[in-house]
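See structure below.
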Amino acid sequence: MRGERAEGVTAAVRRRRLRLCVTDEGPGFPPEFLPRAFDRFTRAEAGRTGEGSGLGPAFVRGVAAAHGGTAHAENTGRGGAVGLDVPC
């Protein structure tokens, strides 16, 4: 996510899996970014000069994998969403 207008954090348990998700109401992710969203040092906006190194999503994926889960990034139609899904 690009740091604009953070909208919400949700947590839900279904079928013995915990899904945590952070959403915003910004412009979402460029479609070409989504397949590599969790690569280290990858940023949605290459020309962006603000803070951030592109490591946040890689950490999310690492935490999810360490707990036997997965990470996801997507556009929701109202913004972007990043989350993880782990067994509980």
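By convention here, the chains of the structure tokens are called A, B, ... in the order presented, each chain's residues are numbered starting at 1, and ligands are numbered starting at 1 in the order presented.
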- Message: Can you pull out every residue from region 13-64 of chain A that DSSP, working from the backbone, puts in alpha helix (DSSP H), and format the result as a PyMOL selection string?
- Response: chain A and resi 56-64
- Query: If you count only C-alpha atoms, which residues fall within 9 Å of Arg16 (chain A), apart from same-chain ones fewer than 6 positions away, as a ChimeraX atom specification?
  - Reply: /A:86-88
Residues just named, written with N, CA and C atoms as an mmCIF file, in the first residue's frame:
data_model
loop_
_atom_site.group_PDB
_atom_site.id
_atom_site.type_symbol
_atom_site.label_atom_id
_atom_site.label_comp_id
_atom_site.auth_asym_id
_atom_site.auth_seq_id
_atom_site.Cartn_x
_atom_site.Cartn_y
_atom_site.Cartn_z
ATOM 1 N N VAL A 86 -2.831 -17.488 8.041
ATOM 2 C CA VAL A 86 -2.033 -18.480 8.752
ATOM 3 C C VAL A 86 -2.925 -19.459 9.505
ATOM 4 N N PRO A 87 -2.457 -20.697 9.690
ATOM 5 C CA PRO A 87 -3.245 -21.647 10.459
ATOM 6 C C PRO A 87 -3.291 -21.242 11.938
ATOM 7 N N CYS A 88 -4.388 -21.584 12.598
ATOM 8 C CA CYS A 88 -4.484 -21.293 14.031
ATOM 9 C C CYS A 88 -5.166 -22.454 14.746
#
- Tell me, as a ChimeraX atom specification, which residues lie within 12 Å of Ala66 (chain A), counting only C-alpha atoms; anything in the same chain fewer than 5 positions away does not count. /A:59-61,71,84-87
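Residue nearest Glu32 (chain A), chosen from A:Asn75, A:Gly83, A:Gly62, A:Gly69 and counting only C-alpha atoms: A:Asn75.
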- Which parts of chain A does DSSP call strand (DSSP E or B) when run on the backbone here, written out as number ranges by chain? A: 6-14, 17-24, 70-75, 80-87
Kindly save the residues from that selection, with N, CA and C atoms included, as a tab-separated table (two decimals), in the first residue's frame.
chain	number	residue	atom	x	y	z
A	6	ALA	N	-5.10	5.21	5.12
A	6	ALA	CA	-5.29	3.88	5.69
A	6	ALA	C	-6.72	3.78	6.20
A	7	GLU	N	-7.41	2.76	5.79
A	7	GLU	CA	-8.83	2.66	6.09
A	7	GLU	C	-9.16	1.63	7.14
A	8	GLY	N	-8.53	0.48	7.11
A	8	GLY	CA	-8.93	-0.48	8.10
A	8	GLY	C	-8.04	-1.70	8.22
A	9	VAL	N	-8.18	-2.33	9.36
A	9	VAL	CA	-7.50	-3.60	9.64
A	9	VAL	C	-8.58	-4.58	10.07
A	10	THR	N	-8.59	-5.74	9.46
A	10	THR	CA	-9.57	-6.76	9.84
A	10	THR	C	-8.85	-8.05	10.19
A	11	ALA	N	-9.48	-8.82	11.03
A	11	ALA	CA	-9.00	-10.15	11.40
A	11	ALA	C	-10.21	-11.08	11.45
A	12	ALA	N	-10.08	-12.24	10.85
A	12	ALA	CA	-11.18	-13.20	10.86
A	12	ALA	C	-10.61	-14.61	10.92
A	13	VAL	N	-11.32	-15.49	11.61
A	13	VAL	CA	-10.92	-16.90	11.67
A	13	VAL	C	-11.98	-17.71	10.94
A	14	ARG	N	-11.52	-18.50	9.97
A	14	ARG	CA	-12.41	-19.41	9.23
A	14	ARG	C	-11.67	-20.70	8.98
A	17	ARG	N	-8.12	-21.03	10.22
A	17	ARG	CA	-7.11	-20.15	9.63
A	17	ARG	C	-7.43	-18.71	10.02
A	18	LEU	N	-6.39	-17.98	10.39
A	18	LEU	CA	-6.53	-16.56	10.73
A	18	LEU	C	-6.13	-15.75	9.51
A	19	ARG	N	-6.99	-14.83	9.12
A	19	ARG	CA	-6.71	-13.95	7.99
A	19	ARG	C	-6.69	-12.52	8.51
A	20	LEU	N	-5.53	-11.87	8.40
A	20	LEU	CA	-5.36	-10.47	8.77
A	20	LEU	C	-5.24	-9.67	7.48
A	21	CYS	N	-5.90	-8.53	7.42
A	21	CYS	CA	-5.90	-7.75	6.19
A	21	CYS	C	-5.91	-6.25	6.52
A	22	VAL	N	-5.07	-5.50	5.81
A	22	VAL	CA	-5.03	-4.05	5.92
A	22	VAL	C	-5.49	-3.50	4.58
A	23	THR	N	-6.45	-2.59	4.62
A	23	THR	CA	-6.99	-2.02	3.38
A	23	THR	C	-6.88	-0.49	3.40
A	24	ASP	N	-6.91	0.10	2.22
A	24	ASP	CA	-6.99	1.55	2.13
A	24	ASP	C	-7.98	1.92	1.04
A	70	THR	N	0.32	-17.92	4.05
A	70	THR	CA	0.57	-17.21	2.80
A	70	THR	C	0.27	-15.73	2.98
A	71	ALA	N	0.78	-14.92	2.05
A	71	ALA	CA	0.51	-13.49	2.03
A	71	ALA	C	-0.21	-13.16	0.73
A	72	HIS	N	-0.95	-12.07	0.73
A	72	HIS	CA	-1.67	-11.68	-0.48
A	72	HIS	C	-1.71	-10.16	-0.60
A	73	ALA	N	-1.75	-9.70	-1.84
A	73	ALA	CA	-1.94	-8.27	-2.15
A	73	ALA	C	-2.92	-8.22	-3.31
A	74	GLU	N	-3.84	-7.28	-3.25
A	74	GLU	CA	-4.85	-7.20	-4.31
A	74	GLU	C	-5.46	-5.81	-4.35
A	75	ASN	N	-6.12	-5.53	-5.45
A	75	ASN	CA	-6.94	-4.33	-5.57
A	75	ASN	C	-8.37	-4.74	-5.27
A	80	GLY	N	-6.43	-0.66	-2.17
A	80	GLY	CA	-5.56	-1.83	-2.11
A	80	GLY	C	-5.75	-2.59	-0.81
A	81	ALA	N	-5.32	-3.84	-0.82
A	81	ALA	CA	-5.38	-4.68	0.38
A	81	ALA	C	-4.13	-5.56	0.42
A	82	VAL	N	-3.57	-5.69	1.61
A	82	VAL	CA	-2.42	-6.56	1.87
A	82	VAL	C	-2.74	-7.34	3.12
A	83	GLY	N	-2.44	-8.63	3.11
A	83	GLY	CA	-2.74	-9.42	4.29
A	83	GLY	C	-2.00	-10.73	4.33
A	84	LEU	N	-2.29	-11.47	5.36
A	84	LEU	CA	-1.72	-12.80	5.50
A	84	LEU	C	-2.78	-13.76	6.02
A	85	ASP	N	-2.54	-15.02	5.76
A	85	ASP	CA	-3.45	-16.10	6.11
A	85	ASP	C	-2.61	-17.19	6.75
A	86	VAL	N	-2.83	-17.49	8.04
A	86	VAL	CA	-2.03	-18.48	8.75
A	86	VAL	C	-2.93	-19.46	9.51
A	87	PRO	N	-2.46	-20.70	9.69
A	87	PRO	CA	-3.24	-21.65	10.46
A	87	PRO	C	-3.29	-21.24	11.94
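Counting from CA of Asp39 (chain A), the distance to CA of Arg15 (chain A) is 28.5 Å.
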